[in-house]
Structure formats: C-alpha cells, structure tokens
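*Asks:* Structure in structure tokens, see below.
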Amino acid sequence: MAKMQRALLSVFDKTGLLPFAQALAAAGVEIISTGGTAKVLREHGVMVSDLSAFTEWPEMLDGRVKTLHPKIHGGLLFVRGDAQHEAAARKHGIKPIDLVVVNLYPFAQTVARPGATLAAAIENIDIGGPAMLRSGAKNHQSVTVVMDPMDYAEVAGQILAAGDTSPEVRRRLAVKVFANLAAYDGEIAAYLAKTFGLAPTAAGPGLPAPPKSGQAWPSALRVELAQARELRYGENPHQRAALYGRFDDYFQQLHGKELSYNNILDLTAAAALAADFADAPPTLAIFKHTNPCGVGQGATLREAWEKALATDRQAPFGGIIAVNQPLDLGCAEAVAEIFSEVIVAPDFAPEALALLQKKKHLRLIKALRPCGNPALELRSVGAGSLLAQEPDVKMTDADGWRLASQRAPTEAERKAMLFGWRVVKHVKSNAIVFAAADRTLGIGAGQMSRLDACRLAVEKARTAGLALAGSAVCSDAFFPFADGLAVAAEAGASAALQPGGSVRDGEVIAAADERGMAMAFTGTRHFRH
C-alpha cells in the first residue's frame, strides 16, 4: 500500500478537526488548507500550507473562486499509474492530493432561519466543496474523500497503522459523498422551486410540496431523507424496517418502549384526525390498525374518552389514543384503566405524565406540530414505482353542502353530520360512520362493498348497546345503490351525508325521501385506501 502524501482540508464544521489533523501530521501527511481551517490548525501548532501558495493563484471574487483550479482537480483526478496522466501531471506541476476533507456551507440551516433571504441562501450554495468531493470520489481508487466528522477516527486510524486507507473504506466513503451531495442539491432545488413558485423536483429536509394549481407535475421526483432510526422489525417480525425523514420534528417520545413500525403508522393516522379537530372542544380518538374505532367530544377529555370508548369496548385494547388538547389527570386516570400502546397529545399535564409513566410499556408521544402538513403523499406500489398525490386536507363545511332531500336537516342532525364527516375522512374505504353531534356510534371500515360497511357499522353499534335512532350516517363516497341507505334508515339514522355523484343518485334520494330522511351532498369524496 502506497503511503498517503498529501491532504486538502477545507471544512465549515470544525467538529473533530484538530485531533484528525494532528493524526495526519503525525503520519507525515502534508496538509493544505483554506482560510478559516488553516487558521484554526496553525493556532494549535499544526503545520499547514495555504491553498493559494499550493496553486500559486490567489482567491478571488469574495472567495467564490479558490479551489476551482487545475492543480486541485488535477491532483485529485489524475489516475495514478497511468503513463499519460502521470506525464501530464509532471509537465504542469500537478502534485497528487490523496485525501480531501470537506464539509459544505450549511444551506438547509441557513434557509430554515426566520427571515432568511434569497441572497443569503444563494451565498450558501457551495460550489468548490462539492466539486472537490466529486473529483475525489470519482477517483476513489486512489483518493479518500471525507465529509462527515464521524468518519475521522476510522480514516486516521488506518493512515496511522498502514500509511493509507483501504480500498473498501475509500469505496464506502465515495458512495456516502455522492449520496450526501445528491441530498444537498435536492435541498437547493426544493428551496429555489418554492421561492420561485415552480413545481418541486426534489425534496429538501423533508418531502416536497405538491405542485401548485395550474403547475405540471415534475417530470422526475427524487426524495432524499435521512434515516431517523432503524426499527426492531417491520409490519411483521420477519420484515426488516427503518424510519426516514423528519418524524422527530413532529413527535417527541416522553416515555415507553421504542416505537414499532405499526405504532408509527397508527399514531400518525390518529394524530392526523386530532389535527382535523384542532379547533373543536376536547376531542379524543381511539385508533386500531390505522382506523378510528371510537371518537368522542365533551366538556373535558375524560368525558370525550367515555364517549369514544362506548363506541367499541373491545377494539381499544392495545390501541392508540390521540387527543386535541393537553392530556389532563382526569383523562389519564380513565385511560390508564385499559392497556394502550400509545397516547399522542399536544402536551401532558405534569401529574398526568407522572401517572402514565408508571406504565412501563405505554408509549407517550408529544405532538410538536400538526402532522397533516401539505407535503406530498408517497406510496410504494411495487415494480419499483411510487404513487404521489396531494394530501387530503379538504374539509367541506355545511355551507358547501347541497341539500338533496325534500327535508332539511335539523340543527341536531346538522351537528351530527358535521362530526361524522370529520371522522369518516379518516376511516379506510369503504367507510361508513354513524354519529351523534359529539360521538361516533358505529363505524364500518375497509369493507368490499358499501352495503357491507353499513351492516358492519350497525352491528358494531348494536354490540356496543348504542341506539342509532336520530343519528346521522356519513359515507366517504357515494351510495351506489339505495340498499346501504335503507339499512342505515332501518337502524334509525334520520340524516345522511355523502358526496353524491352516483348514476343512481335519483334512486338514493327517493329512498331517503320515502323514509323521511334529510340528506345532503358534499361534492367531495374521501376515499382512503
């Protein structure tokens, strides 16, 4: 293994720099560096050559041009052992650079600051750093590239022990560099697209937003998300899994075991429903397998809990609880009576937190911000493909409904319809929800036909001992036939809310009128697959 001769160090983040540079110096490696990096090293007694002396060319244009020079890129790119390359390097006085250590201007951090300007963002687009990293990574057979201080110890250890890094390390670091540069470019593209009002083409620190109305969907979509953590396993124990993205910006775990793959699916679904009730009185939802099995509303969260639990007293065991207000002691005492996997809340009263933390296996999650954000929704569909869509953030209020029946709903029915409509949006299709003004009464989720969903919701209500007389039935999509509506009416529903749009709307309207039901069309479907 040839001995490493020369290293170029130019870092914005000085974490771990000094001991790393001292190790290089101890190994006899010549160090070339730029302004701030060179200053730090000299102050601590590390011998370093200025980059401008190495290139025999001054920095210019306020530092925008300093490493873009043939002696830098030639020293990184020429193929060692290639006769023509070696001759060209000697002819032009190009010395080999065997190690390049660069980390980049903090673009994402800059644009995330309050009041960040476009001018500041532009100045934090690194040019020379990525160029050097790309050159070194391309020539990884001979050149070691490092952009993460976490890799300093391994690289320094190999150089001190053997004089150079191993081919395996150089390959791994080259791949890491190209992956990080792709993410860096993605952050810039996402920011500029948003700033200039253009369709997004890539993700920054998170998923991109959908194109604005009238904009075309991007011809290519690249998503770069950092790993948040590896998970114990996936949906089933035989499946490996990991979590990527900005989950920890939205949720903070305060207590309990590590979140599982299924926990994350369930708690984000539950938190999204709670976010749709952000402006409502105390509301509590109990979820199981990403479906609400009960939602209640009351003067207190404890009252909301009792109503939600009454919808289905069997399914909540091992479920997920989400609330729209800080969880207080009264509610905590009630929910502590049954086993739950996760509770997610905007906050926890200190005494409630202390009580619930006595349950070793209960995970307590603080929702730092609403997770129903306007980022793209992506879903893998196999065959190496992704579906992308806008999130379903539309919520139609009563002013947007069209009365379809002869009879208008009463005020009590209208409130029940509003409550049920907020809930049915979060139920897997085919979805039916029977509701009162402040609670769910029966939920039919994920059925192959709407008639089956109606029958299931009715049966769930009967099993729970809840009367459906005077309730509102809400359907996430239109009733294709009158049979489902007839089942709801026979069970006691006096009002119905659905999108409308079936070729048999006339038959369904006639069935409602025959039974004296009030029915309105929202014009908005809420399929959830």
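Chain labels A, B, ... are given in the sequence in which chains occur in the structure tokens; within each chain residues are numbered consecutively from 1, and ligands are likewise numbered from 1 in the order shown.
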Restrict the calculation to only C-alpha atoms, then for each residue of region 378-427 of chain A with any atom at most 12 Å from an atom of region 266-271 of chain A give the closest atom pair and their distance in Å to one decimal, rows by chain and rising residue number, as CSV.
*Replies:*
```
residue,atom,partner,partner_atom,distance
A:Val423,CA,A:Ala270,CA,10.7
A:Lys425,CA,A:Ala269,CA,11.1
A:His426,CA,A:Ala269,CA,7.6
A:Val427,CA,A:Ala269,CA,9.7
```
*Asks:* What are the DSSP strand (DSSP E or B) residues of region 365-489 of chain A, as a VMD selection string?
*Replies:* chain A and resid 365 to 367 377 to 380 386 to 389 402 to 403 407 432 to 436 439 to 444 472 to 475
*Asks:* Could you jot down the CA of Tyr244 (chain A) to CA of Met147 (chain A) separation for me, Å, one decimal place?
*Replies:*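 Atom-to-atom, CA of Tyr244 (chain A) and CA of Met147 (chain A) are spaced 20.7 Å apart.
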*Asks:* Can you check which residues of region 429-477 of chain A DSSP gives as alpha helix (DSSP H) on the backbone and send them as JSON, numbers by chain?
*Replies:* {"A": [450, 451, 452, 453, 454, 455, 456, 457, 458, 459, 460, 461, 462, 463, 464]}
*Asks:* Which neighbours of Ala275 (chain A) fall inside 7 Å, counting only C-alpha atoms, when residues of the same chain fewer than 2 positions from it are skipped, and could you give them as a list of chain:residue names?
*Replies:* A:Ala271, A:Ala272, A:Leu273, A:Phe277, A:Ala278, A:Asn324, A:Pro370, A:Gly372
*Asks:* Got time to write the residues from that selection, C-alpha atoms, as a short mmCIF file (atom, residue, chain, number, x, y, z; two decimals), in the first residue's frame?
*Replies:*
```cif
data_model
loop_
_atom_site.label_atom_id
_atom_site.label_comp_id
_atom_site.auth_asym_id
_atom_site.auth_seq_id
_atom_site.Cartn_x
_atom_site.Cartn_y
_atom_site.Cartn_z
CA ALA A 271 -52.67 12.45 15.13
CA ALA A 272 -53.98 13.45 11.70
CA LEU A 273 -57.57 13.01 12.90
CA PHE A 277 -60.38 18.64 15.35
CA ALA A 278 -57.83 21.26 16.42
CA ASN A 324 -56.61 17.51 20.51
CA PRO A 370 -49.75 19.04 13.25
CA GLY A 372 -51.26 16.79 8.46
#
```
